[in-house]
Amino acid sequence: MVFYIRFLKTPRLQKQKTGSVVSSALICITTDLGDAFLSQDADLLVTLHLAHEKKAICQGRLQWHAGKRELPISLGPLQANISRQAMIMEVTASNRRSPNAVSADSLLDQQNIPLVISGWSAMFGGPQMLVADKLVERRFTVNQSVELSIWEETGNSIARHIWDAAVASVMYLQGTITGDQGSDSVLQKLLQTERCEPLNVIELGSGCGIVGIALAELLPQCSVLLTDLPEVEEIVTKNINSAQPAHASEIKYRSLGWEEELPSDLFDGPSIDLVLVSDCTYNADSLPALVSVLSRLVQLSPHAVVLVALKRRHESESVFFDLMQSVGLHDLHVHRMELPSQHEQSDEIELHSYGIQQTS
């Protein structure tokens, strides 16, 4: 599993008795579920950037030690007038970054995926923002022209965090579009074919929206509808507003519970081409509802492909595969991807392409 730098206390500016200013924060390095902390040492580079100039104004090095649950950050002293300017704090495990570079984590190939995913704060400083909002930004280089920016909340809601299988999904979609990702002929045909009409995509349980947003930024003429429960609407809307879709692509959000009736106006297009599901099988109690909504979507769009990405966390998830088979959704292709884990280990992510087997 990869690990994520999170702000337990977001960056803030504190005035000192000497008149100078110190920027402080409190971080942890934890899993997507927040159920374990990084148990090996990691060197960290902390950088303050002027928000609008991307210029480094202060930098410091810290070390995360195995067994830690949190790590305080303090940068300074800074000149008092610096608090009049908006800034951001970058925390990364890389020690090769140029002081004036704001670099993204690489998703170009499996060998380059970092064990520790970097974090950027929201802006702080200036007359009204001495403390940053409770957010953390992830920045990923997906290909030579797409740098993906996704915001997460810093609280405990796992619905508003990025999960490991979502990161793998982004890489898999990119590799399929370019033809570098193996032999998933069903998905390749869908994503590589030139179209006169937009590719209609719906994502279930989208969370922050990283997978659907990435696809819309990678693929021209792609209409993506992100869906989840109402609690994610604020963060996913923020990510949609900051997205940079490819030519003629668009991204929308709509609240959708899996046990609800599918609204007749759920999608603008005549049918759905692709359904995205990422890390939604961990809760066995919700699996019947998930499979039910997938079945209903495919009944409406019999040629749709369902891409399911998951990291098996417990044995009860195997029920998902039985349920999919029971509703006539066939596993057309399976791809396995390795993500780095601590102590030079790795975790396996499964990506399954489902659909109705078409008779000739």
# chains A, B, ... in the order shown; residues from 1 in each chain; ligands from 1
>>> residues_around(residues="His333 in chain A", least_positions_apart="2", cutoff="12 Å", atoms="only C-alpha atoms", output="list of chain:residue names")
A:Gly182, A:Ser183, A:Asp184, A:Ser185, A:Val186, A:Leu187, A:Gln188, A:Val305, A:Val306, A:Leu307, A:Val308, A:Ala309, A:Leu329, A:His330, A:Asp331, A:His335, A:Arg336, A:Glu350, A:Leu351, A:His352, A:Ser353, A:Tyr354, A:Gly355, A:Gln357
>>> write_last_selection(atoms="N, CA and C atoms", output="tab-separated table (two decimals), in the first residue's frame")
chain	number	residue	atom	x	y	z
A	182	GLY	N	-1.36	-3.70	-21.93
A	182	GLY	CA	-1.73	-5.10	-22.03
A	182	GLY	C	-2.85	-5.37	-23.00
A	183	SER	N	-3.62	-6.40	-22.71
A	183	SER	CA	-4.51	-6.98	-23.73
A	183	SER	C	-5.99	-6.88	-23.39
A	184	ASP	N	-6.40	-5.83	-22.71
A	184	ASP	CA	-7.82	-5.65	-22.42
A	184	ASP	C	-8.49	-5.09	-23.68
A	185	SER	N	-8.82	-5.98	-24.60
A	185	SER	CA	-9.31	-5.55	-25.92
A	185	SER	C	-10.65	-4.82	-25.82
A	186	VAL	N	-11.49	-5.21	-24.86
A	186	VAL	CA	-12.80	-4.58	-24.72
A	186	VAL	C	-12.64	-3.12	-24.34
A	187	LEU	N	-11.82	-2.86	-23.33
A	187	LEU	CA	-11.61	-1.49	-22.88
A	187	LEU	C	-10.79	-0.69	-23.90
A	188	GLN	N	-9.82	-1.35	-24.53
A	188	GLN	CA	-9.04	-0.66	-25.57
A	188	GLN	C	-9.93	-0.18	-26.70
A	305	VAL	N	-19.28	-1.24	-20.66
A	305	VAL	CA	-18.19	-1.92	-19.97
A	305	VAL	C	-18.13	-1.39	-18.54
A	306	VAL	N	-17.98	-2.28	-17.58
A	306	VAL	CA	-17.86	-1.90	-16.17
A	306	VAL	C	-16.43	-2.19	-15.73
A	307	LEU	N	-15.69	-1.15	-15.36
A	307	LEU	CA	-14.32	-1.32	-14.88
A	307	LEU	C	-14.32	-1.23	-13.36
A	308	VAL	N	-13.98	-2.34	-12.72
A	308	VAL	CA	-13.96	-2.42	-11.25
A	308	VAL	C	-12.52	-2.57	-10.79
A	309	ALA	N	-12.05	-1.62	-9.97
A	309	ALA	CA	-10.71	-1.68	-9.40
A	309	ALA	C	-10.83	-1.91	-7.90
A	329	LEU	N	-23.32	-10.54	-15.31
A	329	LEU	CA	-22.18	-9.69	-15.67
A	329	LEU	C	-20.92	-10.54	-15.62
A	330	HIS	N	-20.25	-10.66	-16.75
A	330	HIS	CA	-19.12	-11.58	-16.89
A	330	HIS	C	-17.80	-10.82	-16.78
A	331	ASP	N	-16.84	-11.45	-16.14
A	331	ASP	CA	-15.49	-10.90	-16.00
A	331	ASP	C	-14.75	-11.13	-17.32
A	335	HIS	N	-6.73	-7.51	-14.96
A	335	HIS	CA	-5.36	-7.00	-14.97
A	335	HIS	C	-4.94	-6.79	-13.52
A	336	ARG	N	-3.71	-7.14	-13.21
A	336	ARG	CA	-3.19	-6.97	-11.85
A	336	ARG	C	-2.02	-6.01	-11.87
A	350	GLU	N	-6.41	-5.22	-8.29
A	350	GLU	CA	-7.07	-5.95	-9.38
A	350	GLU	C	-7.97	-4.99	-10.16
A	351	LEU	N	-7.92	-5.10	-11.48
A	351	LEU	CA	-8.80	-4.31	-12.34
A	351	LEU	C	-9.56	-5.27	-13.25
A	352	HIS	N	-10.87	-5.32	-13.07
A	352	HIS	CA	-11.74	-6.25	-13.78
A	352	HIS	C	-12.63	-5.49	-14.76
A	353	SER	N	-12.63	-5.91	-16.01
A	353	SER	CA	-13.55	-5.37	-17.01
A	353	SER	C	-14.74	-6.32	-17.14
A	354	TYR	N	-15.93	-5.84	-16.75
A	354	TYR	CA	-17.14	-6.65	-16.79
A	354	TYR	C	-18.05	-6.20	-17.92
A	355	GLY	N	-18.89	-7.11	-18.36
A	355	GLY	CA	-19.90	-6.78	-19.34
A	355	GLY	C	-20.78	-7.97	-19.62
A	357	GLN	N	-21.73	-10.77	-22.09
A	357	GLN	CA	-21.09	-11.44	-23.22
A	357	GLN	C	-22.00	-11.39	-24.43
>>> select_by_dssp(residues="range 57-258 of chain A", states="helix (DSSP H, G or I)", output="mmCIF file with C-alpha atoms, in the first residue's frame")
data_model
loop_
_atom_site.group_PDB
_atom_site.id
_atom_site.type_symbol
_atom_site.label_atom_id
_atom_site.label_comp_id
_atom_site.auth_asym_id
_atom_site.auth_seq_id
_atom_site.Cartn_x
_atom_site.Cartn_y
_atom_site.Cartn_z
ATOM 1 C CA ALA A 80 6.876 39.705 9.580
ATOM 2 C CA ASN A 81 5.723 41.129 6.264
ATOM 3 C CA ILE A 82 5.616 37.642 4.750
ATOM 4 C CA SER A 83 2.278 37.051 6.475
ATOM 5 C CA ARG A 84 0.719 39.606 4.112
ATOM 6 C CA GLN A 110 4.658 1.389 -11.787
ATOM 7 C CA GLN A 111 8.389 1.767 -11.121
ATOM 8 C CA ASN A 112 8.013 5.490 -10.446
ATOM 9 C CA ILE A 158 -12.695 8.042 4.165
ATOM 10 C CA ALA A 159 -15.337 8.916 1.554
ATOM 11 C CA ARG A 160 -13.500 12.196 0.963
ATOM 12 C CA ASP A 164 -5.124 3.114 -3.565
ATOM 13 C CA ALA A 165 -7.251 1.415 -6.231
ATOM 14 C CA ALA A 166 -8.220 4.818 -7.587
ATOM 15 C CA VAL A 167 -4.552 5.647 -8.170
ATOM 16 C CA ALA A 168 -4.148 2.326 -9.996
ATOM 17 C CA SER A 169 -7.282 3.019 -12.057
ATOM 18 C CA VAL A 170 -5.865 6.320 -13.294
ATOM 19 C CA MET A 171 -2.683 4.574 -14.434
ATOM 20 C CA TYR A 172 -4.642 1.738 -16.053
ATOM 21 C CA LEU A 173 -6.900 4.095 -18.000
ATOM 22 C CA GLN A 174 -3.918 6.117 -19.189
ATOM 23 C CA GLY A 175 -2.087 2.966 -20.284
ATOM 24 C CA THR A 176 -5.165 1.656 -22.080
ATOM 25 C CA ILE A 177 -5.662 4.927 -23.972
ATOM 26 C CA THR A 178 -2.061 4.885 -25.182
ATOM 27 C CA SER A 185 -9.309 -5.547 -25.918
ATOM 28 C CA VAL A 186 -12.797 -4.583 -24.719
ATOM 29 C CA LEU A 187 -11.606 -1.487 -22.881
ATOM 30 C CA GLN A 188 -9.037 -0.660 -25.566
ATOM 31 C CA LYS A 189 -11.716 -0.642 -28.245
ATOM 32 C CA LEU A 190 -13.828 1.658 -26.127
ATOM 33 C CA LEU A 191 -11.096 4.170 -25.284
ATOM 34 C CA GLN A 192 -9.002 4.109 -28.459
ATOM 35 C CA ILE A 210 -9.980 11.334 -9.089
ATOM 36 C CA VAL A 211 -10.715 8.499 -11.546
ATOM 37 C CA GLY A 212 -13.483 10.146 -13.547
ATOM 38 C CA ILE A 213 -11.744 13.512 -13.565
ATOM 39 C CA ALA A 214 -8.504 11.924 -14.760
ATOM 40 C CA LEU A 215 -10.321 10.186 -17.635
ATOM 41 C CA ALA A 216 -11.952 13.451 -18.708
ATOM 42 C CA GLU A 217 -8.554 15.171 -18.687
ATOM 43 C CA LEU A 218 -6.913 12.348 -20.645
ATOM 44 C CA PRO A 230 -24.388 13.911 -0.651
ATOM 45 C CA GLU A 231 -21.542 14.112 1.878
ATOM 46 C CA VAL A 232 -18.909 14.230 -0.883
ATOM 47 C CA GLU A 233 -20.562 16.922 -2.990
ATOM 48 C CA GLU A 234 -18.528 19.839 -1.626
ATOM 49 C CA ILE A 235 -15.097 18.275 -2.167
ATOM 50 C CA VAL A 236 -15.907 16.686 -5.535
ATOM 51 C CA THR A 237 -17.369 19.981 -6.778
ATOM 52 C CA LYS A 238 -14.152 21.734 -5.791
ATOM 53 C CA ASN A 239 -12.190 19.188 -7.809
ATOM 54 C CA ILE A 240 -14.488 19.519 -10.816
ATOM 55 C CA ASN A 241 -14.107 23.292 -10.724
ATOM 56 C CA SER A 242 -10.303 23.036 -10.760
#
>>> residues_around(residues="Glu338 in chain A", least_positions_apart="2", cutoff="8 Å", atoms="only C-alpha atoms", output="list in words")
Gln110, Arg336, Pro340, Ser346, Asp347, Glu348 and Ile349 of chain A
>>> residues_around(residues="Pro270 in chain A", least_positions_apart="2", cutoff="12 Å", atoms="only C-alpha atoms", output="PyMOL selection string")
chain A and resi 197-201+264-268+272-273+300-302+304
>>> write_last_selection(atoms="all heavy atoms", output="short mmCIF file (atom, residue, chain, number, x, y, z; two decimals), in the first residue's frame")
data_model
loop_
_atom_site.label_atom_id
_atom_site.label_comp_id
_atom_site.auth_asym_id
_atom_site.auth_seq_id
_atom_site.Cartn_x
_atom_site.Cartn_y
_atom_site.Cartn_z
N GLU A 197 -19.60 10.87 -31.43
CA GLU A 197 -20.37 11.26 -30.25
C GLU A 197 -19.50 11.11 -29.00
O GLU A 197 -18.57 10.29 -28.98
CB GLU A 197 -21.63 10.41 -30.11
CG GLU A 197 -22.59 10.51 -31.29
CD GLU A 197 -23.23 11.88 -31.39
OE1 GLU A 197 -23.36 12.54 -30.34
OE2 GLU A 197 -23.60 12.28 -32.51
N PRO A 198 -19.79 11.86 -27.93
CA PRO A 198 -19.00 11.73 -26.70
C PRO A 198 -19.08 10.33 -26.10
O PRO A 198 -20.11 9.65 -26.22
CB PRO A 198 -19.63 12.76 -25.76
CG PRO A 198 -20.36 13.72 -26.65
CD PRO A 198 -20.81 12.92 -27.83
N LEU A 199 -18.00 9.90 -25.48
CA LEU A 199 -18.01 8.67 -24.68
C LEU A 199 -18.71 9.00 -23.37
O LEU A 199 -18.28 9.90 -22.64
CB LEU A 199 -16.58 8.20 -24.41
CG LEU A 199 -16.44 6.89 -23.65
CD1 LEU A 199 -16.67 5.71 -24.58
CD2 LEU A 199 -15.08 6.78 -22.99
N ASN A 200 -19.80 8.30 -23.06
CA ASN A 200 -20.58 8.58 -21.85
C ASN A 200 -20.12 7.67 -20.72
O ASN A 200 -20.19 6.45 -20.82
CB ASN A 200 -22.06 8.36 -22.13
CG ASN A 200 -22.62 9.43 -23.05
OD1 ASN A 200 -22.20 10.58 -23.00
ND2 ASN A 200 -23.55 9.05 -23.91
N VAL A 201 -19.66 8.29 -19.64
CA VAL A 201 -19.05 7.57 -18.52
C VAL A 201 -19.76 7.96 -17.23
O VAL A 201 -20.05 9.14 -17.01
CB VAL A 201 -17.55 7.91 -18.40
CG1 VAL A 201 -16.91 7.13 -17.24
CG2 VAL A 201 -16.82 7.63 -19.71
N SER A 264 -34.71 8.95 -14.40
CA SER A 264 -34.84 8.83 -15.86
C SER A 264 -33.91 9.77 -16.59
O SER A 264 -33.53 9.52 -17.74
CB SER A 264 -36.29 9.10 -16.27
OG SER A 264 -36.69 10.40 -15.85
N ASP A 265 -33.54 10.87 -15.94
CA ASP A 265 -32.65 11.85 -16.56
C ASP A 265 -31.23 11.76 -15.99
O ASP A 265 -30.50 12.74 -15.96
CB ASP A 265 -33.17 13.26 -16.36
CG ASP A 265 -33.26 13.65 -14.87
OD1 ASP A 265 -33.21 12.72 -14.02
OD2 ASP A 265 -33.37 14.84 -14.58
N LEU A 266 -30.84 10.55 -15.54
CA LEU A 266 -29.54 10.40 -14.90
C LEU A 266 -28.40 10.82 -15.82
O LEU A 266 -27.44 11.45 -15.39
CB LEU A 266 -29.33 8.94 -14.46
CG LEU A 266 -27.99 8.62 -13.78
CD1 LEU A 266 -27.89 9.37 -12.47
CD2 LEU A 266 -27.86 7.12 -13.55
N PHE A 267 -28.53 10.46 -17.09
CA PHE A 267 -27.45 10.76 -18.03
C PHE A 267 -28.01 11.47 -19.25
O PHE A 267 -29.11 11.17 -19.70
CB PHE A 267 -26.71 9.48 -18.44
CG PHE A 267 -25.24 9.71 -18.67
CD1 PHE A 267 -24.33 9.60 -17.63
CD2 PHE A 267 -24.77 10.07 -19.92
CE1 PHE A 267 -22.98 9.83 -17.85
CE2 PHE A 267 -23.44 10.30 -20.14
CZ PHE A 267 -22.53 10.17 -19.10
N ASP A 268 -27.22 12.40 -19.79
CA ASP A 268 -27.66 13.19 -20.93
C ASP A 268 -27.71 12.37 -22.22
O ASP A 268 -28.55 12.60 -23.08
CB ASP A 268 -26.74 14.40 -21.14
CG ASP A 268 -26.79 15.36 -19.96
OD1 ASP A 268 -27.82 15.37 -19.27
OD2 ASP A 268 -25.80 16.09 -19.74
N ILE A 272 -25.01 4.56 -21.73
CA ILE A 272 -23.75 4.64 -20.99
C ILE A 272 -22.74 3.71 -21.66
O ILE A 272 -23.06 2.55 -21.96
CB ILE A 272 -23.96 4.26 -19.52
CG1 ILE A 272 -24.90 5.26 -18.85
CG2 ILE A 272 -22.64 4.20 -18.76
CD1 ILE A 272 -25.41 4.81 -17.50
N ASP A 273 -21.54 4.19 -21.88
CA ASP A 273 -20.50 3.37 -22.49
C ASP A 273 -19.58 2.71 -21.46
O ASP A 273 -19.12 1.59 -21.67
CB ASP A 273 -19.64 4.24 -23.43
CG ASP A 273 -20.46 4.87 -24.53
OD1 ASP A 273 -21.09 4.12 -25.29
OD2 ASP A 273 -20.49 6.11 -24.62
N LEU A 300 -29.91 -1.02 -18.98
CA LEU A 300 -30.24 0.16 -19.79
C LEU A 300 -29.26 0.34 -20.94
O LEU A 300 -29.62 0.89 -21.99
CB LEU A 300 -30.25 1.41 -18.91
CG LEU A 300 -31.33 1.47 -17.83
CD1 LEU A 300 -31.08 2.67 -16.90
CD2 LEU A 300 -32.72 1.58 -18.46
N SER A 301 -28.02 -0.09 -20.75
CA SER A 301 -26.97 0.07 -21.77
C SER A 301 -26.24 -1.26 -21.91
O SER A 301 -25.16 -1.45 -21.33
CB SER A 301 -26.00 1.17 -21.35
OG SER A 301 -26.67 2.41 -21.17
N PRO A 302 -26.79 -2.21 -22.68
CA PRO A 302 -26.25 -3.57 -22.72
C PRO A 302 -24.82 -3.67 -23.22
O PRO A 302 -24.14 -4.67 -22.95
CB PRO A 302 -27.22 -4.30 -23.66
CG PRO A 302 -28.48 -3.52 -23.60
CD PRO A 302 -28.05 -2.10 -23.44
N ALA A 304 -22.41 -1.58 -22.39
CA ALA A 304 -21.52 -0.87 -21.48
C ALA A 304 -20.45 -1.80 -20.91
O ALA A 304 -20.69 -2.99 -20.68
CB ALA A 304 -22.32 -0.25 -20.34
#
>>> atom_distance(atom1="CA of Arg61 in chain A", atom2="CA of Gln342 in chain A")
20.9 Å
>>> residues_around(residues="range 138-146 of chain A", least_positions_apart="3", cutoff="6 Å", atoms="only C-alpha atoms", output="number ranges by chain")
A: 104-108, 119, 149-150
>>> write_last_selection(atoms="all heavy atoms", output="compact mmCIF listing (two decimals), in the first residue's frame")
# COMPACT_ATOMS: atom_id res chain seq x y z
N ALA A 104 5.08 17.36 -9.18
CA ALA A 104 4.00 16.42 -8.90
C ALA A 104 4.57 15.01 -8.75
O ALA A 104 5.65 14.70 -9.24
CB ALA A 104 2.97 16.46 -10.02
N ASP A 105 3.83 14.14 -8.05
CA ASP A 105 4.21 12.74 -7.95
C ASP A 105 3.93 12.04 -9.28
O ASP A 105 2.91 12.29 -9.93
CB ASP A 105 3.43 12.05 -6.82
CG ASP A 105 3.89 12.53 -5.45
OD1 ASP A 105 5.09 12.77 -5.28
OD2 ASP A 105 3.04 12.65 -4.55
N SER A 106 4.81 11.15 -9.67
CA SER A 106 4.72 10.51 -10.98
C SER A 106 3.82 9.29 -10.95
O SER A 106 3.95 8.42 -10.09
CB SER A 106 6.11 10.10 -11.46
OG SER A 106 6.02 9.36 -12.66
N LEU A 107 2.90 9.23 -11.93
CA LEU A 107 2.13 8.02 -12.19
C LEU A 107 2.42 7.52 -13.60
O LEU A 107 1.59 6.87 -14.24
CB LEU A 107 0.62 8.29 -12.05
CG LEU A 107 0.13 8.71 -10.67
CD1 LEU A 107 -1.39 8.85 -10.67
CD2 LEU A 107 0.57 7.74 -9.58
N LEU A 108 3.62 7.82 -14.11
CA LEU A 108 3.97 7.47 -15.48
C LEU A 108 4.13 5.97 -15.66
O LEU A 108 3.84 5.44 -16.73
CB LEU A 108 5.25 8.21 -15.90
CG LEU A 108 5.13 9.74 -15.95
CD1 LEU A 108 6.49 10.35 -16.25
CD2 LEU A 108 4.12 10.16 -17.01
N GLY A 119 1.90 16.02 -0.20
CA GLY A 119 0.72 16.83 0.09
C GLY A 119 1.03 18.31 0.00
O GLY A 119 2.12 18.75 0.36
N SER A 149 -4.66 17.47 -10.46
CA SER A 149 -4.73 18.08 -9.13
C SER A 149 -6.03 17.65 -8.47
O SER A 149 -7.12 17.89 -9.02
CB SER A 149 -4.67 19.61 -9.24
OG SER A 149 -4.99 20.21 -7.99
N ILE A 150 -5.93 17.00 -7.31
CA ILE A 150 -7.11 16.51 -6.61
C ILE A 150 -7.02 16.92 -5.14
O ILE A 150 -6.01 16.66 -4.47
CB ILE A 150 -7.24 14.97 -6.70
CG1 ILE A 150 -7.40 14.53 -8.15
CG2 ILE A 150 -8.41 14.49 -5.84
CD1 ILE A 150 -8.72 14.94 -8.79
>>> residues_around(residues="Gln14 in chain A", least_positions_apart="2", cutoff="9 Å", atoms="only C-alpha atoms", output="list of chain:residue names")
A:Arg12, A:Gln16, A:Ser20, A:Val21, A:Val22, A:Ser23, A:Ser24, A:Leu130
>>> write_last_selection(atoms="C-alpha atoms", output="PDB file, in the first residue's frame")
ATOM      1  CA  ARG A  12      -0.754  28.401  10.006  1.00  0.00           C
ATOM      2  CA  GLN A  16       6.572  35.638  17.716  1.00  0.00           C
ATOM      3  CA  SER A  20       8.990  37.526  13.284  1.00  0.00           C
ATOM      4  CA  VAL A  21       6.603  34.846  12.030  1.00  0.00           C
ATOM      5  CA  VAL A  22       6.740  31.031  12.182  1.00  0.00           C
ATOM      6  CA  SER A  23       4.759  28.670   9.972  1.00  0.00           C
ATOM      7  CA  SER A  24       3.696  25.467  11.726  1.00  0.00           C
ATOM      8  CA  LEU A 130      -3.671  32.905   8.873  1.00  0.00           C
TER       9      LEU A 130
END
>>> atom_distance(atom1="CA of Lys54 in chain A", atom2="CA of Gly209 in chain A")
25.7 Å
>>> closest_residue(among="A:Ser292, A:Thr281, A:Gln345, A:Ser103", to="Gly328 in chain A", atoms="only C-alpha atoms")
A:Ser292
>>> closest_residue(among="A:Cys280, A:Val136, A:Leu262, A:Leu274", to="Ser206 in chain A", atoms="only C-alpha atoms")
A:Cys280
>>> atom_distance(atom1="CA of Phe320 in chain A", atom2="CA of Ser278 in chain A")
13.1 Å
>>> residues_around(residues="range 38-53 of chain A", least_positions_apart="2", cutoff="6 Å", atoms="only C-alpha atoms", output="MDAnalysis selection string")
chainID A and resid 29:30 55:67 86:93
>>> write_last_selection(atoms="N, CA, C and O atoms", output="mmCIF file, in the first residue's frame")
data_model
loop_
_atom_site.group_PDB
_atom_site.id
_atom_site.type_symbol
_atom_site.label_atom_id
_atom_site.label_comp_id
_atom_site.auth_asym_id
_atom_site.auth_seq_id
_atom_site.Cartn_x
_atom_site.Cartn_y
_atom_site.Cartn_z
ATOM 1 N N ILE A 29 1.733 10.266 8.383
ATOM 2 C CA ILE A 29 1.900 9.522 7.134
ATOM 3 C C ILE A 29 1.147 8.214 7.319
ATOM 4 O O ILE A 29 1.575 7.346 8.093
ATOM 5 N N THR A 30 0.038 8.077 6.607
ATOM 6 C CA THR A 30 -0.889 6.994 6.897
ATOM 7 C C THR A 30 -1.437 6.386 5.607
ATOM 8 O O THR A 30 -1.183 6.881 4.516
ATOM 9 N N LYS A 55 7.156 30.474 -5.932
ATOM 10 C CA LYS A 55 8.530 30.743 -5.525
ATOM 11 C C LYS A 55 8.723 30.265 -4.090
ATOM 12 O O LYS A 55 7.921 30.559 -3.210
ATOM 13 N N ALA A 56 9.808 29.508 -3.858
ATOM 14 C CA ALA A 56 10.099 29.018 -2.516
ATOM 15 C C ALA A 56 10.636 30.154 -1.656
ATOM 16 O O ALA A 56 11.519 30.895 -2.062
ATOM 17 N N ILE A 57 10.050 30.288 -0.462
ATOM 18 C CA ILE A 57 10.523 31.329 0.455
ATOM 19 C C ILE A 57 11.194 30.741 1.687
ATOM 20 O O ILE A 57 11.915 31.437 2.390
ATOM 21 N N CYS A 58 10.972 29.452 1.930
ATOM 22 C CA CYS A 58 11.603 28.812 3.082
ATOM 23 C C CYS A 58 11.527 27.305 2.882
ATOM 24 O O CYS A 58 10.575 26.791 2.295
ATOM 25 N N GLN A 59 12.543 26.608 3.377
ATOM 26 C CA GLN A 59 12.600 25.167 3.192
ATOM 27 C C GLN A 59 13.270 24.523 4.396
ATOM 28 O O GLN A 59 14.171 25.104 5.007
ATOM 29 N N GLY A 60 12.822 23.346 4.765
ATOM 30 C CA GLY A 60 13.431 22.630 5.876
ATOM 31 C C GLY A 60 13.324 21.132 5.682
ATOM 32 O O GLY A 60 12.470 20.645 4.934
ATOM 33 N N ARG A 61 14.201 20.389 6.330
ATOM 34 C CA ARG A 61 14.192 18.926 6.247
ATOM 35 C C ARG A 61 13.841 18.336 7.611
ATOM 36 O O ARG A 61 14.303 18.802 8.653
ATOM 37 N N LEU A 62 13.012 17.301 7.571
ATOM 38 C CA LEU A 62 12.601 16.600 8.770
ATOM 39 C C LEU A 62 12.717 15.107 8.515
ATOM 40 O O LEU A 62 12.873 14.670 7.372
ATOM 41 N N GLN A 63 12.612 14.321 9.573
ATOM 42 C CA GLN A 63 12.604 12.878 9.397
ATOM 43 C C GLN A 63 11.440 12.267 10.149
ATOM 44 O O GLN A 63 11.203 12.569 11.316
ATOM 45 N N TRP A 64 10.701 11.460 9.405
ATOM 46 C CA TRP A 64 9.657 10.632 10.010
ATOM 47 C C TRP A 64 10.318 9.338 10.478
ATOM 48 O O TRP A 64 10.978 8.657 9.703
ATOM 49 N N HIS A 65 10.152 8.998 11.753
ATOM 50 C CA HIS A 65 10.751 7.795 12.304
ATOM 51 C C HIS A 65 9.705 6.695 12.445
ATOM 52 O O HIS A 65 8.539 6.960 12.766
ATOM 53 N N ALA A 66 10.114 5.461 12.187
ATOM 54 C CA ALA A 66 9.232 4.314 12.361
ATOM 55 C C ALA A 66 8.642 4.324 13.769
ATOM 56 O O ALA A 66 9.351 4.568 14.749
ATOM 57 N N GLY A 67 7.356 4.069 13.865
ATOM 58 C CA GLY A 67 6.672 4.071 15.155
ATOM 59 C C GLY A 67 5.974 5.367 15.468
ATOM 60 O O GLY A 67 5.181 5.432 16.414
ATOM 61 N N ALA A 86 -0.137 35.417 0.351
ATOM 62 C CA ALA A 86 -0.684 34.064 0.366
ATOM 63 C C ALA A 86 0.415 33.073 0.021
ATOM 64 O O ALA A 86 1.244 33.311 -0.858
ATOM 65 N N MET A 87 0.425 31.953 0.713
ATOM 66 C CA MET A 87 1.454 30.931 0.505
ATOM 67 C C MET A 87 0.828 29.556 0.631
ATOM 68 O O MET A 87 -0.309 29.389 1.089
ATOM 69 N N ILE A 88 1.581 28.542 0.219
ATOM 70 C CA ILE A 88 1.183 27.152 0.407
ATOM 71 C C ILE A 88 2.368 26.384 0.991
ATOM 72 O O ILE A 88 3.522 26.779 0.806
ATOM 73 N N MET A 89 2.067 25.301 1.693
ATOM 74 C CA MET A 89 3.110 24.439 2.239
ATOM 75 C C MET A 89 3.103 23.124 1.483
ATOM 76 O O MET A 89 2.064 22.487 1.333
ATOM 77 N N GLU A 90 4.269 22.710 0.990
ATOM 78 C CA GLU A 90 4.450 21.430 0.312
ATOM 79 C C GLU A 90 5.245 20.501 1.219
ATOM 80 O O GLU A 90 6.286 20.893 1.759
ATOM 81 N N VAL A 91 4.767 19.276 1.392
ATOM 82 C CA VAL A 91 5.486 18.280 2.172
ATOM 83 C C VAL A 91 5.667 17.044 1.297
ATOM 84 O O VAL A 91 4.692 16.463 0.819
ATOM 85 N N THR A 92 6.912 16.664 1.067
ATOM 86 C CA THR A 92 7.199 15.537 0.186
ATOM 87 C C THR A 92 8.291 14.675 0.778
ATOM 88 O O THR A 92 9.117 15.139 1.561
ATOM 89 N N ALA A 93 8.291 13.407 0.408
ATOM 90 C CA ALA A 93 9.336 12.496 0.852
ATOM 91 C C ALA A 93 10.533 12.517 -0.081
ATOM 92 O O ALA A 93 11.540 11.876 0.186
#
